[in-house]
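Student: Coordinates in entry-v5.txt, compact mmCIF, C-alpha atoms and all ligand atoms, are listed below.
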# COMPACT_ATOMS: atom_id res chain seq x y z
CA MET A 8 155.06 143.48 120.46
CA ILE A 9 155.28 142.31 124.06
CA GLU A 10 154.78 145.37 126.28
CA LEU A 11 153.89 144.24 129.77
CA VAL A 12 155.10 141.60 132.22
CA SER A 13 153.26 142.11 135.48
CA ALA A 14 155.53 141.15 138.38
CA GLU A 15 152.48 141.50 140.64
CA ARG A 16 150.49 138.81 138.84
CA CYS A 17 153.27 136.50 137.65
CA ILE A 18 153.49 133.16 139.44
CA ALA A 19 156.88 132.29 137.88
CA CYS A 20 155.60 129.22 136.03
CA ASP A 21 158.00 129.65 133.08
CA LYS A 22 155.29 128.89 130.54
CA CYS A 23 155.94 132.02 128.51
CA VAL A 24 159.68 131.35 128.56
CA LYS A 25 159.03 127.92 127.08
CA VAL A 26 156.40 128.73 124.46
CA CYS A 27 157.90 131.87 122.93
CA PRO A 28 159.00 130.74 119.45
CA THR A 29 161.71 133.38 119.22
CA ASN A 30 163.09 132.97 122.73
CA VAL A 31 162.35 136.52 123.89
CA PHE A 32 162.29 135.73 127.63
CA ASP A 33 164.80 134.59 130.21
CA ARG A 34 163.77 133.53 133.68
CA GLY A 35 164.70 136.41 135.99
CA PRO A 36 166.35 135.97 139.41
CA ASP A 37 162.94 136.13 141.17
CA GLY A 38 161.31 133.89 138.55
CA VAL A 39 159.57 136.78 136.81
CA PRO A 40 160.55 136.61 133.12
CA LEU A 41 162.89 139.22 131.69
CA LEU A 42 162.48 140.57 128.14
CA SER A 43 166.04 139.68 127.18
CA ARG A 44 165.52 139.68 123.42
CA ARG A 45 162.53 141.93 123.02
CA GLU A 46 163.51 143.01 119.51
CA ASP A 47 162.96 139.40 118.40
CA CYS A 48 159.28 139.51 119.37
CA GLN A 49 157.08 138.74 116.38
CA THR A 50 153.77 139.71 118.00
CA CYS A 51 152.38 136.17 117.88
CA PHE A 52 150.48 136.47 121.22
CA GLN A 53 151.48 132.93 122.22
CA CYS A 54 152.96 133.98 125.57
CA GLU A 55 149.80 135.89 126.44
CA ALA A 56 147.58 132.96 125.42
CA ASN A 57 149.56 130.61 127.64
CA CYS A 58 149.97 132.74 130.76
CA PRO A 59 147.67 131.21 133.40
CA VAL A 60 147.27 134.46 135.35
CA ASP A 61 147.00 137.08 132.58
CA ALA A 62 150.28 138.70 133.55
CA LEU A 63 151.35 139.52 129.99
CA PHE A 64 150.16 141.99 127.39
CA VAL A 65 151.16 142.03 123.75
CA ALA A 66 150.31 145.23 121.89
CA PRO A 67 148.85 144.81 118.38
CA VAL A 68 151.74 146.54 116.60
CA THR A 69 155.08 145.17 115.44
CA HIS A 70 157.30 147.85 116.98
CA PRO A 71 157.82 148.97 120.59
CA LEU A 72 155.50 151.74 121.75
CA PRO A 73 156.86 154.82 123.53
CA ASP A 74 157.29 154.50 127.29
CA ASP A 75 154.33 156.56 128.36
CA ARG A 76 151.73 154.51 126.52
CA ALA A 77 148.73 152.95 128.19
CA VAL A 78 149.81 149.48 127.02
CA ARG A 79 152.19 149.29 129.99
CA ASP A 80 149.62 150.49 132.49
CA GLU A 81 148.37 147.32 134.12
CA ARG A 82 145.45 148.99 135.86
CA HIS A 83 144.29 150.62 132.65
CA LEU A 84 144.55 147.31 130.75
CA ASP A 85 142.64 145.54 133.50
CA ARG A 86 139.93 148.17 133.72
CA THR A 87 139.35 148.22 129.96
CA GLY A 88 139.16 144.43 129.83
CA LEU A 89 142.19 144.17 127.56
CA LEU A 90 144.34 142.18 129.95
CA GLY A 91 143.63 138.51 129.34
CA SER A 92 141.15 139.26 126.55
CA TYR A 93 142.85 136.96 124.03
CA ARG A 94 142.74 134.05 126.45
CA ARG A 95 139.11 134.76 127.10
CA HIS A 96 138.29 134.84 123.38
CA ILE A 97 139.97 131.56 122.56
CA GLY A 98 138.48 129.96 125.65
CA TRP A 99 141.74 128.91 127.26
CA GLY A 100 141.82 128.60 131.00
CA HIS A 101 140.01 126.71 133.71
CA GLY A 102 136.23 126.45 133.33
CA ARG A 103 136.16 127.93 129.83
CA THR A 104 134.97 126.32 126.59
CA PRO A 105 137.84 126.09 124.11
CA GLY A 106 137.15 128.24 121.05
CA ALA A 107 137.95 125.28 118.83
CA LEU A 108 134.74 123.62 120.04
CA ARG A 109 132.62 126.62 119.14
CA ALA A 110 134.22 127.42 115.78
CA VAL A 111 132.12 126.86 112.66
CA GLY A 112 133.91 125.02 109.88
CA PRO A 113 133.22 125.25 106.16
CA ARG A 114 129.92 123.66 105.15
CA LEU A 115 129.96 120.25 103.48
CA PRO A 116 128.10 119.71 100.18
CA ALA A 117 124.36 119.23 100.54
CA PRO A 118 123.09 115.64 100.01
CA ASP A 119 121.32 116.69 96.79
CA GLY A 120 124.69 117.61 95.31
CA ARG A 121 124.21 121.37 95.40
CA PRO A 122 127.55 123.09 95.93
CA PRO A 123 128.16 124.41 99.44
CA ALA A 124 128.55 128.06 100.22
CA PRO A 125 132.20 129.06 99.92
CA PRO A 126 134.10 128.56 103.19
CA ILE A 127 134.62 131.66 105.21
CA THR A 128 137.83 130.65 106.92
CA SER A 129 141.25 131.25 105.36
CA MET B 9 145.79 150.28 100.11
CA TYR B 10 142.71 149.97 102.28
CA CYS B 11 140.35 147.11 102.87
CA ARG B 12 136.93 146.54 104.47
CA LEU B 13 135.15 143.23 104.96
CA ASP B 14 131.85 144.67 103.81
CA ARG B 15 130.34 141.56 102.22
CA ALA B 16 130.03 139.50 105.40
CA ASP B 17 126.49 139.32 106.75
CA ALA B 18 125.69 139.00 110.45
CA ALA B 19 125.95 135.17 110.42
CA ALA B 20 129.28 135.26 108.57
CA ARG B 21 130.63 137.86 110.98
CA ALA B 22 129.78 135.74 113.97
CA ALA B 23 131.24 132.60 112.35
CA MET B 24 134.43 134.42 111.36
CA ARG B 25 134.97 135.61 114.88
CA LEU B 26 134.66 132.07 116.18
CA ALA B 27 136.84 130.55 113.47
CA GLN B 28 139.63 133.12 113.49
CA PRO B 29 139.83 134.88 116.86
CA ASN B 30 143.50 135.62 116.14
CA PHE B 31 142.57 137.74 113.16
CA PHE B 32 140.19 139.89 115.18
CA LEU B 33 142.49 140.28 118.16
CA THR B 34 144.57 142.94 116.42
CA PHE B 35 141.50 144.86 115.22
CA ASP B 36 139.83 144.75 118.62
CA ARG B 37 142.96 146.07 120.32
CA LEU B 38 143.33 148.84 117.76
CA GLY B 39 139.63 149.73 118.12
CA ILE B 40 138.84 149.04 114.45
CA ASP B 41 135.69 147.29 113.24
CA PRO B 42 136.97 145.57 110.08
CA PHE B 43 133.39 144.99 108.83
CA THR B 44 132.49 148.66 108.76
CA GLN B 45 135.76 150.60 108.89
CA ARG B 46 138.59 150.65 106.41
CA PHE B 47 142.02 149.45 107.47
CA ALA B 48 145.40 149.71 105.75
CA ILE B 49 146.89 146.50 104.36
CA THR B 50 150.33 145.67 103.05
CA LEU B 51 152.26 142.71 101.64
CA ILE B 52 154.29 140.67 104.11
CA ALA B 53 156.92 138.11 103.10
CA GLU B 54 155.93 134.85 104.76
CA GLY B 55 159.00 133.02 103.60
CA THR B 56 158.36 129.32 103.53
CA VAL B 57 155.64 129.41 106.19
CA ARG B 58 152.92 128.89 103.62
CA GLY B 59 155.24 127.78 100.87
CA THR B 60 155.73 124.40 99.33
CA GLY B 61 159.47 123.80 99.45
CA GLY B 62 161.42 122.12 102.19
CA ILE B 63 163.66 119.15 102.83
CA ARG B 64 163.25 116.63 100.01
CA LEU B 65 161.53 113.40 101.03
CA THR B 66 162.58 110.14 99.45
CA GLY B 67 159.91 107.77 100.76
CA ASP B 68 156.44 107.44 102.27
CA ASP B 69 158.05 107.22 105.70
CA CYS B 70 159.38 110.80 105.31
CA ALA B 71 162.96 109.57 104.90
CA THR B 72 165.45 112.02 103.42
CA THR B 73 168.73 111.55 101.58
CA VAL B 74 170.47 111.45 104.99
CA PRO B 75 170.15 107.97 106.56
CA GLY B 76 168.25 108.17 109.84
CA LEU B 77 166.97 111.72 109.20
CA TYR B 78 163.21 112.02 108.76
CA ALA B 79 161.55 115.33 107.95
CA ALA B 80 158.03 116.46 108.83
CA GLY B 81 155.80 119.52 108.85
CA ASP B 82 157.12 122.85 107.68
CA ALA B 83 160.65 121.50 107.48
CA ALA B 84 159.65 118.95 104.83
CA THR B 85 158.60 119.72 101.29
CA ARG B 86 154.86 120.13 100.76
CA GLU B 87 155.10 119.87 97.00
CA LEU B 88 153.97 116.28 97.36
CA ILE B 89 150.55 117.36 98.59
CA CYS B 90 150.03 120.73 96.95
CA GLY B 91 152.32 120.86 93.92
CA GLY B 92 153.51 124.33 93.01
CA PHE B 93 150.86 126.03 95.07
CA THR B 94 150.81 127.35 98.64
CA GLY B 95 150.42 124.93 101.52
CA GLY B 96 148.53 127.60 103.48
CA GLY B 97 144.92 127.24 104.57
CA SER B 98 144.55 123.72 105.97
CA HIS B 99 147.11 121.70 103.98
CA ASN B 100 149.99 122.75 106.17
CA ALA B 101 148.51 121.85 109.53
CA ALA B 102 147.12 118.56 108.20
CA TRP B 103 150.49 117.78 106.65
CA ALA B 104 152.36 118.62 109.86
CA ILE B 105 150.25 116.17 111.84
CA SER B 106 150.27 113.34 109.27
CA SER B 107 153.91 113.60 108.28
CA GLY B 108 154.89 113.93 111.94
CA GLY B 109 153.26 110.58 112.64
CA TRP B 110 154.94 108.86 109.70
CA ALA B 111 158.34 110.40 110.35
CA GLY B 112 158.13 109.59 114.05
CA GLN B 113 157.32 105.94 113.41
CA ALA B 114 160.13 105.65 110.88
CA ALA B 115 162.62 107.34 113.21
CA ALA B 116 161.62 104.95 116.02
CA ARG B 117 162.02 101.98 113.66
CA HIS B 118 165.41 103.25 112.60
CA ALA B 119 166.56 103.73 116.19
CA ARG B 120 165.33 100.27 117.17
CA SER B 121 167.16 98.70 114.24
CA HIS B 122 170.40 99.67 115.99
CA SER B 123 169.31 97.48 118.89
CA GLY B 124 171.22 99.09 121.72
CA GLY B 125 174.11 100.05 119.52
CA ALA B 126 172.83 103.55 118.86
CA ARG B 127 174.13 104.92 122.12
CA ILE B 128 177.61 103.51 121.83
CA ARG B 129 178.21 104.66 118.25
CA ARG B 130 180.95 107.21 117.85
CA THR B 131 179.50 110.57 116.85
CA VAL B 132 181.35 113.29 115.04
CA PRO B 133 180.23 116.93 114.93
CA VAL B 134 179.83 118.00 111.32
CA GLY B 135 178.26 121.48 111.49
CA GLY B 136 180.45 124.05 109.74
CA ALA B 137 178.89 127.42 108.93
CA GLY B 138 178.31 129.56 112.01
CA LEU B 139 179.90 126.97 114.30
CA ARG B 140 183.39 126.24 112.98
CA PRO B 141 184.63 129.14 110.86
CA THR B 142 187.38 128.36 108.38
CA GLY B 143 189.21 131.64 109.15
CA THR B 144 189.61 134.10 112.02
CA PRO B 145 186.31 134.34 113.97
CA GLY B 146 184.50 137.69 113.69
CA PRO B 147 182.57 139.53 116.43
CA ALA B 148 180.19 137.46 118.60
CA ASP B 149 177.17 139.38 117.28
CA GLY B 150 178.20 138.95 113.64
CA PHE B 151 174.95 137.07 113.05
CA ARG B 152 173.07 140.39 113.12
CA GLU B 153 174.89 141.64 110.07
CA VAL B 154 174.31 138.33 108.29
CA VAL B 155 170.57 138.42 109.03
CA ALA B 156 170.37 142.03 107.79
CA ALA B 157 172.19 141.03 104.59
CA VAL B 158 169.69 138.22 103.88
CA GLN B 159 166.76 140.48 104.65
CA GLY B 160 168.16 143.05 102.21
CA GLU B 161 167.90 140.52 99.38
CA VAL B 162 164.79 138.62 100.39
CA LEU B 163 162.33 141.11 101.86
CA PRO B 164 162.07 143.81 99.14
CA TYR B 165 159.05 143.11 96.91
CA ARG B 166 160.98 144.36 93.92
CA LYS B 167 163.54 141.58 94.38
CA ASN B 168 161.57 138.64 95.69
CA TYR B 169 157.99 139.24 94.59
CA LEU B 170 158.49 140.95 91.23
CA ARG B 171 161.08 138.37 90.18
CA HIS B 172 163.24 138.97 87.13
CA GLY B 173 166.33 137.00 86.09
CA ASP B 174 168.64 140.02 86.34
CA GLY B 175 167.46 140.88 89.82
CA LEU B 176 167.65 137.27 91.00
CA ALA B 177 171.20 136.95 89.67
CA ALA B 178 172.28 140.18 91.40
CA SER B 179 170.75 139.05 94.70
CA LEU B 180 172.41 135.70 94.36
CA ARG B 181 175.82 137.34 93.89
CA ALA B 182 175.30 139.37 97.07
CA LEU B 183 174.14 136.27 98.98
CA ASP B 184 177.09 134.23 97.69
CA ASP B 185 179.44 136.93 99.02
CA THR B 186 177.67 136.86 102.38
CA TRP B 187 177.95 133.08 102.47
CA HIS B 188 181.67 133.00 101.73
CA ARG B 189 182.32 135.71 104.32
CA LEU B 190 180.30 133.99 107.02
CA ARG B 191 181.88 130.63 106.25
CA ALA B 192 185.23 132.19 107.13
CA THR B 193 184.24 134.36 110.10
CA LEU B 194 180.80 133.72 111.62
CA TYR B 195 181.14 132.45 115.17
CA ALA B 196 179.14 133.41 118.24
CA GLY B 197 180.56 131.13 120.91
CA ASP B 198 178.31 129.03 123.11
CA GLY B 199 175.85 131.73 124.12
CA ASP B 200 174.46 132.59 120.70
CA ALA B 201 175.47 129.49 118.74
CA VAL B 202 171.86 128.87 117.72
CA ARG B 203 171.46 132.41 116.40
CA ALA B 204 174.67 132.18 114.38
CA ARG B 205 173.58 128.84 113.00
CA GLN B 206 170.13 130.23 112.17
CA ALA B 207 171.71 133.16 110.34
CA ALA B 208 173.87 130.79 108.30
CA ALA B 209 170.80 128.66 107.52
CA MET B 210 168.94 131.75 106.28
CA VAL B 211 171.72 132.54 103.83
CA ALA B 212 171.90 128.94 102.60
CA HIS B 213 168.13 128.88 102.21
CA ALA B 214 168.00 132.20 100.32
CA ARG B 215 170.65 130.94 97.91
CA TRP B 216 168.73 127.70 97.26
CA MET B 217 165.57 129.71 96.76
CA TYR B 218 167.01 132.11 94.17
CA THR B 219 169.09 129.44 92.43
CA ALA B 220 165.96 127.33 91.98
CA ALA B 221 164.02 130.42 90.85
CA LEU B 222 166.65 131.13 88.19
CA ALA B 223 166.49 127.52 87.01
CA ARG B 224 162.75 127.80 86.37
CA THR B 225 162.54 129.89 83.22
CA GLU B 226 158.74 130.00 83.18
CA THR B 227 155.80 130.97 85.36
CA ARG B 228 154.06 128.06 87.09
CA GLY B 229 152.00 127.93 90.26
CA MET B 230 153.50 130.30 92.79
CA ALA B 231 156.83 130.44 90.91
CA LYS B 232 156.49 133.65 88.91
CA ARG B 233 159.02 135.32 86.63
CA LEU B 234 158.41 138.71 85.00
CA ASP B 235 160.86 137.79 82.26
CA PHE B 236 159.12 134.45 81.60
CA PRO B 237 155.43 135.15 82.15
CA ALA B 238 154.12 132.03 80.38
CA GLN B 239 154.01 128.40 81.46
CA ASP B 240 156.38 126.11 79.58
CA PRO B 241 155.02 122.56 79.12
CA GLY B 242 158.65 121.39 78.86
CA GLN B 243 159.27 122.33 82.51
CA HIS B 244 156.54 120.23 84.09
CA HIS B 245 158.87 118.93 86.78
CA ARG B 246 160.12 119.77 90.26
CA ILE B 247 163.45 121.44 90.84
CA VAL B 248 165.69 119.97 93.50
CA THR B 249 168.42 122.16 94.92
CA GLY B 250 171.20 121.81 97.45
CA GLY B 251 174.84 122.45 98.16
CA LEU B 252 176.53 124.90 100.49
CA ASP B 253 179.74 126.35 99.12
CA ARG B 254 178.46 125.54 95.63
CA VAL B 255 174.74 125.51 95.11
CA TRP B 256 173.29 123.17 92.46
CA THR B 257 169.89 122.43 90.99
CA ARG B 258 168.50 119.58 88.96
CA PRO B 259 165.08 118.80 87.57
CA GLU B 260 163.22 115.93 89.21
CA PRO B 261 160.64 114.28 86.96
CA LEU B 262 157.18 113.67 88.37
CA THR B 263 156.47 110.00 88.98
CA THR B 264 152.74 110.51 88.68
CA ALA B 265 152.18 113.39 86.33
CA PRO B 266 148.63 114.72 86.64
CA ARG B 267 146.77 114.80 83.33
CA GLU B 268 146.41 118.21 81.70
CA VAL B 269 143.06 119.77 82.51
CA ALA B 270 141.29 120.31 79.21
C1 LIG A 301 150.32 133.23 110.55
C2 LIG A 301 150.18 131.80 110.14
C3 LIG A 301 148.94 131.32 109.75
C4 LIG A 301 148.78 130.00 109.37
N1 LIG A 301 147.53 129.57 109.01
C5 LIG A 301 147.35 128.28 108.68
C6 LIG A 301 146.04 127.79 108.37
O1 LIG A 301 145.04 128.52 108.40
N2 LIG A 301 145.90 126.50 108.02
C7 LIG A 301 146.99 125.64 107.98
O2 LIG A 301 146.83 124.48 107.68
N3 LIG A 301 148.23 126.08 108.27
C8 LIG A 301 148.43 127.36 108.63
N4 LIG A 301 149.71 127.80 108.95
C9 LIG A 301 150.83 126.86 108.86
C10 LIG A 301 150.88 125.89 110.03
O3 LIG A 301 150.70 126.62 111.23
C11 LIG A 301 152.28 125.24 110.02
O4 LIG A 301 152.46 124.59 108.79
C12 LIG A 301 152.45 124.19 111.13
O5 LIG A 301 152.18 124.76 112.39
C13 LIG A 301 153.87 123.65 111.11
O6 LIG A 301 154.07 122.78 112.18
P1 LIG A 301 155.50 122.20 112.49
O7 LIG A 301 155.35 121.37 113.71
O8 LIG A 301 156.06 121.59 111.24
O9 LIG A 301 156.42 123.47 112.75
P2 LIG A 301 156.36 124.51 113.99
O10 LIG A 301 155.00 124.56 114.56
O11 LIG A 301 156.99 125.75 113.47
O12 LIG A 301 157.29 123.80 115.09
C14 LIG A 301 158.70 123.84 115.02
C15 LIG A 301 159.20 123.87 116.44
O13 LIG A 301 160.60 123.68 116.47
C16 LIG A 301 161.16 124.54 117.44
N5 LIG A 301 162.58 124.71 117.11
C17 LIG A 301 163.14 125.44 116.11
N6 LIG A 301 164.46 125.35 116.16
C18 LIG A 301 164.76 124.54 117.19
C19 LIG A 301 165.99 124.06 117.75
N7 LIG A 301 167.17 124.40 117.26
N8 LIG A 301 165.91 123.25 118.83
C20 LIG A 301 164.72 122.89 119.36
N9 LIG A 301 163.54 123.31 118.87
C21 LIG A 301 163.56 124.13 117.80
C22 LIG A 301 160.34 125.80 117.31
O14 LIG A 301 160.42 126.58 118.48
C23 LIG A 301 158.94 125.22 117.12
O15 LIG A 301 158.27 124.97 118.33
C24 LIG A 301 149.89 129.13 109.36
C25 LIG A 301 151.13 129.59 109.77
C26 LIG A 301 151.28 130.91 110.16
C27 LIG A 301 152.62 131.40 110.63
S1 LIG A 302 154.26 137.67 121.40
FE1 LIG A 302 155.17 135.75 120.65
S2 LIG A 302 157.24 136.35 120.00
FE2 LIG A 302 156.48 138.00 121.30
S3 LIG A 302 157.21 137.51 123.34
FE3 LIG A 302 155.15 136.63 123.18
S4 LIG A 302 155.48 134.53 122.49
FE4 LIG A 302 157.39 135.63 122.13
S1 LIG A 303 153.47 132.54 131.84
FE1 LIG A 303 152.72 134.24 133.09
S2 LIG A 303 152.88 133.47 135.20
FE2 LIG A 303 154.11 132.09 133.93
S3 LIG A 303 156.20 132.95 134.05
FE3 LIG A 303 155.23 133.85 132.24
S4 LIG A 303 154.35 135.79 132.98
FE4 LIG A 303 154.80 134.55 134.78
Is it possible to give me this structure as structure tokens?
Ligand SMILES: Cc1cc2nc3c(=O)[nH]c(=O)nc-3n(C[C@H](O)[C@H](O)[C@H](O)COP(=O)(O)OP(=O)(O)OC[C@H]3O[C@@H](n4cnc5c(N)ncnc54)[C@H](O)[C@@H]3O)c2cc1C
Ligand code: SF4
Ligand code: SF4
Tutor:
Amino acid sequence: MIELVSAERCIACDKCVKVCPTNVFDRGPDGVPLLSRREDCQTCFQCEANCPVDALFVAPVTHPLPDDRAVRDERHLDRTGLLGSYRRHIGWGHGRTPGALRAVGPRLPAPDGRPPAPPITS
Amino acid sequence: MYCRLDRADAAARAAMRLAQPNFFLTFDRLGIDPFTQRFAITLIAEGTVRGTGGIRLTGDDCATTVPGLYAAGDAATRELICGGFTGGGSHNAAWAISSGGWAGQAAARHARSHSGGARIRRTVPVGGAGLRPTGTPGPADGFREVVAAVQGEVLPYRKNYLRHGDGLAASLRALDDTWHRLRATLYAGDGDAVRARQAAAMVAHARWMYTAALARTETRGMAKRLDFPAQDPGQHHRIVTGGLDRVWTRPEPLTTAPREVA
């Protein structure tokens, strides 16, 4: 579930507001998104993947975490490399190689007709 | 129940990480190595996300029974490409892209055929449930109760996964009640009109789903019935369903029936 919106990092680009499939955000008065419908968050990580400045953090659980948890501590998330880690992994962002270019698809049958190894993707 | 991906060698592990970074994101954030450590798993209802049903298509251009309405992707039926099996794992995305192209072309053709007249046609709002209640409107957040009522009939494994005629019929009665109540009262005003409409759509969908499940008195593909565990060669057809205040079903014969695999 979405846990952190960093007002310090946010550049008010509205990307997260637009991409969230369940319409969790509203644009706040200063442009920083508000979590208006947080209970609708389905932990899809789309907002985080699309934020150009790594201002968002989605925790890997489907329910809100108690207030004192480290998932809302921006400095902790930054230090541990968690902030922006999804974006880094999928290679989104300027100067990165998109993950789709590096992914390995299922093998095609060999020319001699031997069956390929079973695909390892879903 | 616990799981561990212990049969992936080093090459497979690396390839899996590249192919499905989304899958590993959760593990990495929880500090679990799914290749060496056990993790708890559970069943999740995916609804129609990987399913096969959807709006019935009547032509190769993704036309529907409503003139000018073309359906594509998850909204459209995927039975045409995967039969009674799941559309998950490559079919769905491929279908979304292909059908989107066909439907888009057909919609453009349709619009052009009105040659300028489209914009001056008189339009009439027709949406009923959740938008124009037939009785006294209920509270603005009435959609919450409706959503909870659908979830109560659709999410429990014992009702939706372990399907039995008695259970399906009982769920259907509850969903029919919810439908008739919401028809009379559900209204959220302008602010939450979409949520009210979505809630109404969930009830309609759940009723189609269980009505169609009751009509299939056999087990075939992903349609499973505990009370009819065997496949019935006499039911080698699709089931079409529809209707709002009264839900109906009818069998639709296959135009190109695949030959039985010996
Ligand atoms: C977890 C998961 C894993 C999957 N894995 C695979 C896979 O491995 N392989 C595969 O082939 N497929 C997979 N799929 C399925 C595949 O992702 C979908 O079939 C495909 O994305 C559907 O595309 P679509 O454009 O039809 O629908 P969507 O991508 O759902 O697009 C519908 C859009 O309509 C918008 N919308 C809804 N209501 C309104 C409204 N009232 N007004 C305006 N806009 C609205 C939504 O916000 C959304 O952007 C997976 C799906 C999920 C959820
Ligand atoms: S994780 Fe997904 S559902 Fe949740 S706020 Fe971000 S985009 Fe919306
Ligand atoms: S995507 Fe990031 S920068 Fe843009 S509005 Fe959302 S939080 Fe702010």
Student: Mind giving me the straight-line distance from atom CA of Pro28 of chain A to atom FE1 of ligand LIG 302 (chain A) in Å, one decimal?
Tutor: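 Rounded to one decimal, the two atoms are 6.4 Å apart.
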Student: Pick out the residues sitting within 12 Å of Thr72 of chain B, and hand them over as a short mmCIF file (atom, residue, chain, number, x, y, z; two decimals) with C-alpha atoms, keeping the file's coordinate frame; count only C-alpha atoms, and ignore anything fewer than 4 positions along from it in its own chain.
Tutor:
data_model
loop_
_atom_site.label_atom_id
_atom_site.label_comp_id
_atom_site.auth_asym_id
_atom_site.auth_seq_id
_atom_site.Cartn_x
_atom_site.Cartn_y
_atom_site.Cartn_z
CA GLY B 62 161.42 122.12 102.19
CA ILE B 63 163.66 119.15 102.83
CA ARG B 64 163.25 116.63 100.01
CA LEU B 65 161.53 113.40 101.03
CA THR B 66 162.58 110.14 99.45
CA GLY B 67 159.91 107.77 100.76
CA ASP B 68 156.44 107.44 102.27
CA GLY B 76 168.25 108.17 109.84
CA LEU B 77 166.97 111.72 109.20
CA TYR B 78 163.21 112.02 108.76
CA ALA B 79 161.55 115.33 107.95
CA ALA B 80 158.03 116.46 108.83
CA ALA B 83 160.65 121.50 107.48
CA ALA B 84 159.65 118.95 104.83
CA THR B 85 158.60 119.72 101.29
CA ALA B 111 158.34 110.40 110.35
CA ALA B 114 160.13 105.65 110.88
CA ALA B 115 162.62 107.34 113.21
#
Student: Which of these, A:Pro40, A:Pro122, A:Gly102, A:Gly91, has the shortest distance to chain B once you count all atoms listed in the file?
Tutor: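 Selected residue with least distance to chain B: A:Gly91.
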Student: Please report the interatomic distance between atom CA of Val39 of chain A and atom CA of Gly98 of chain A in Å with one decimal.
Tutor: 24.8 Å
Student: Which residues are near ligand LIG 302 (chain A) in this structure, taking near to mean any atom at most 12 Å from a ligand atom and counting only C-alpha atoms and all ligand atoms? Format them as a ChimeraX atom specification.
Tutor: /A:8-12,21-33,40-58,62-71,93
Student: Would you tabulate, counting all atoms listed in the file, all residues of chain B that have an atom at most 7 Å from an atom of ligand LIG 301 (chain A), showing the closest pair of atoms and their distance in Å to one decimal, sorted by chain then ascending number, as JSON lines?
Tutor:
{"residue": "B:Val57", "atom": "CA", "partner": "A:LIG301", "partner_atom": "C27", "distance": 5.7}
{"residue": "B:Arg58", "atom": "CA", "partner": "A:LIG301", "partner_atom": "C9", "distance": 6.0}
{"residue": "B:Ala80", "atom": "CA", "partner": "A:LIG301", "partner_atom": "O8", "distance": 6.0}
{"residue": "B:Gly81", "atom": "CA", "partner": "A:LIG301", "partner_atom": "O8", "distance": 3.2}
{"residue": "B:Asp82", "atom": "CA", "partner": "A:LIG301", "partner_atom": "O8", "distance": 3.9}
{"residue": "B:Ala83", "atom": "CA", "partner": "A:LIG301", "partner_atom": "O8", "distance": 5.9}
{"residue": "B:Gly96", "atom": "CA", "partner": "A:LIG301", "partner_atom": "N3", "distance": 5.0}
{"residue": "B:Gly97", "atom": "CA", "partner": "A:LIG301", "partner_atom": "N2", "distance": 3.7}
{"residue": "B:Ser98", "atom": "CA", "partner": "A:LIG301", "partner_atom": "O2", "distance": 2.9}
{"residue": "B:His99", "atom": "CA", "partner": "A:LIG301", "partner_atom": "O2", "distance": 4.6}
{"residue": "B:Asn100", "atom": "CA", "partner": "A:LIG301", "partner_atom": "O2", "distance": 3.9}
{"residue": "B:Ala101", "atom": "CA", "partner": "A:LIG301", "partner_atom": "O2", "distance": 3.6}
{"residue": "B:Ala102", "atom": "CA", "partner": "A:LIG301", "partner_atom": "O2", "distance": 5.9}
{"residue": "B:Ala104", "atom": "CA", "partner": "A:LIG301", "partner_atom": "O8", "distance": 4.9}
{"residue": "B:Val202", "atom": "CA", "partner": "A:LIG301", "partner_atom": "N7", "distance": 6.5}
Student: Considering only C-alpha atoms, state which residue in the set B:Thr142, B:Ala119, B:Arg152, B:Arg127 is at the smallest distance from chain A.
Tutor: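 Nearest to chain A: B:Arg152.
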Student: In Å, rounded to a single decimal, give me how far atom CA of Arg246 of chain B is from atom CA of Pro261 of chain B.
Tutor: 6.4 Å
Student: Output, as JSON, the centre and edge lengths in Å (one decimal) of the axis-aligned box that contains all listed atoms of ligand LIG 303 (chain A) with 5 Å of margin on each side.
Tutor:
{"center_x": 154.5, "center_y": 133.9, "center_z": 133.5, "size_x": 13.5, "size_y": 13.7, "size_z": 13.4}
Student: Which residues come within 9 Å of Arg21 of chain B, counting all atoms listed in the file, excluding same-chain residues fewer than 5 positions away, as a PDB file with C-alpha atoms, in the frame of the given file?
Tutor:
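Output contents, as saved in out.pdb:
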ATOM      1  CA  ALA B  16     130.030 139.500 105.400  1.00  0.00           C
ATOM      2  CA  LEU B  26     134.660 132.070 116.180  1.00  0.00           C
ATOM      3  CA  PHE B  43     133.390 144.990 108.830  1.00  0.00           C
TER       4      PHE B  43
END
Student: Which one of B:Leu176, B:Tyr165, B:Asp185, B:Arg203 sits closest to chain A if you count all atoms listed in the file?
Tutor: B:Arg203
Student: May I ask you to extract the residues of chain B within 9 Å of chain A, using only C-alpha atoms, and to give them as a PyMOL selection string?
Tutor: chain B and resi 20+23-30+33-35+37-38+96-98
Student: Using the selection just defined, write its residues with C-alpha atoms as a compact mmCIF listing (two decimals), in the coordinates of the input.
Tutor:
# COMPACT_ATOMS: atom_id res chain seq x y z
CA ALA B 20 129.28 135.26 108.57
CA ALA B 23 131.24 132.60 112.35
CA MET B 24 134.43 134.42 111.36
CA ARG B 25 134.97 135.61 114.88
CA LEU B 26 134.66 132.07 116.18
CA ALA B 27 136.84 130.55 113.47
CA GLN B 28 139.63 133.12 113.49
CA PRO B 29 139.83 134.88 116.86
CA ASN B 30 143.50 135.62 116.14
CA LEU B 33 142.49 140.28 118.16
CA THR B 34 144.57 142.94 116.42
CA PHE B 35 141.50 144.86 115.22
CA ARG B 37 142.96 146.07 120.32
CA LEU B 38 143.33 148.84 117.76
CA GLY B 96 148.53 127.60 103.48
CA GLY B 97 144.92 127.24 104.57
CA SER B 98 144.55 123.72 105.97
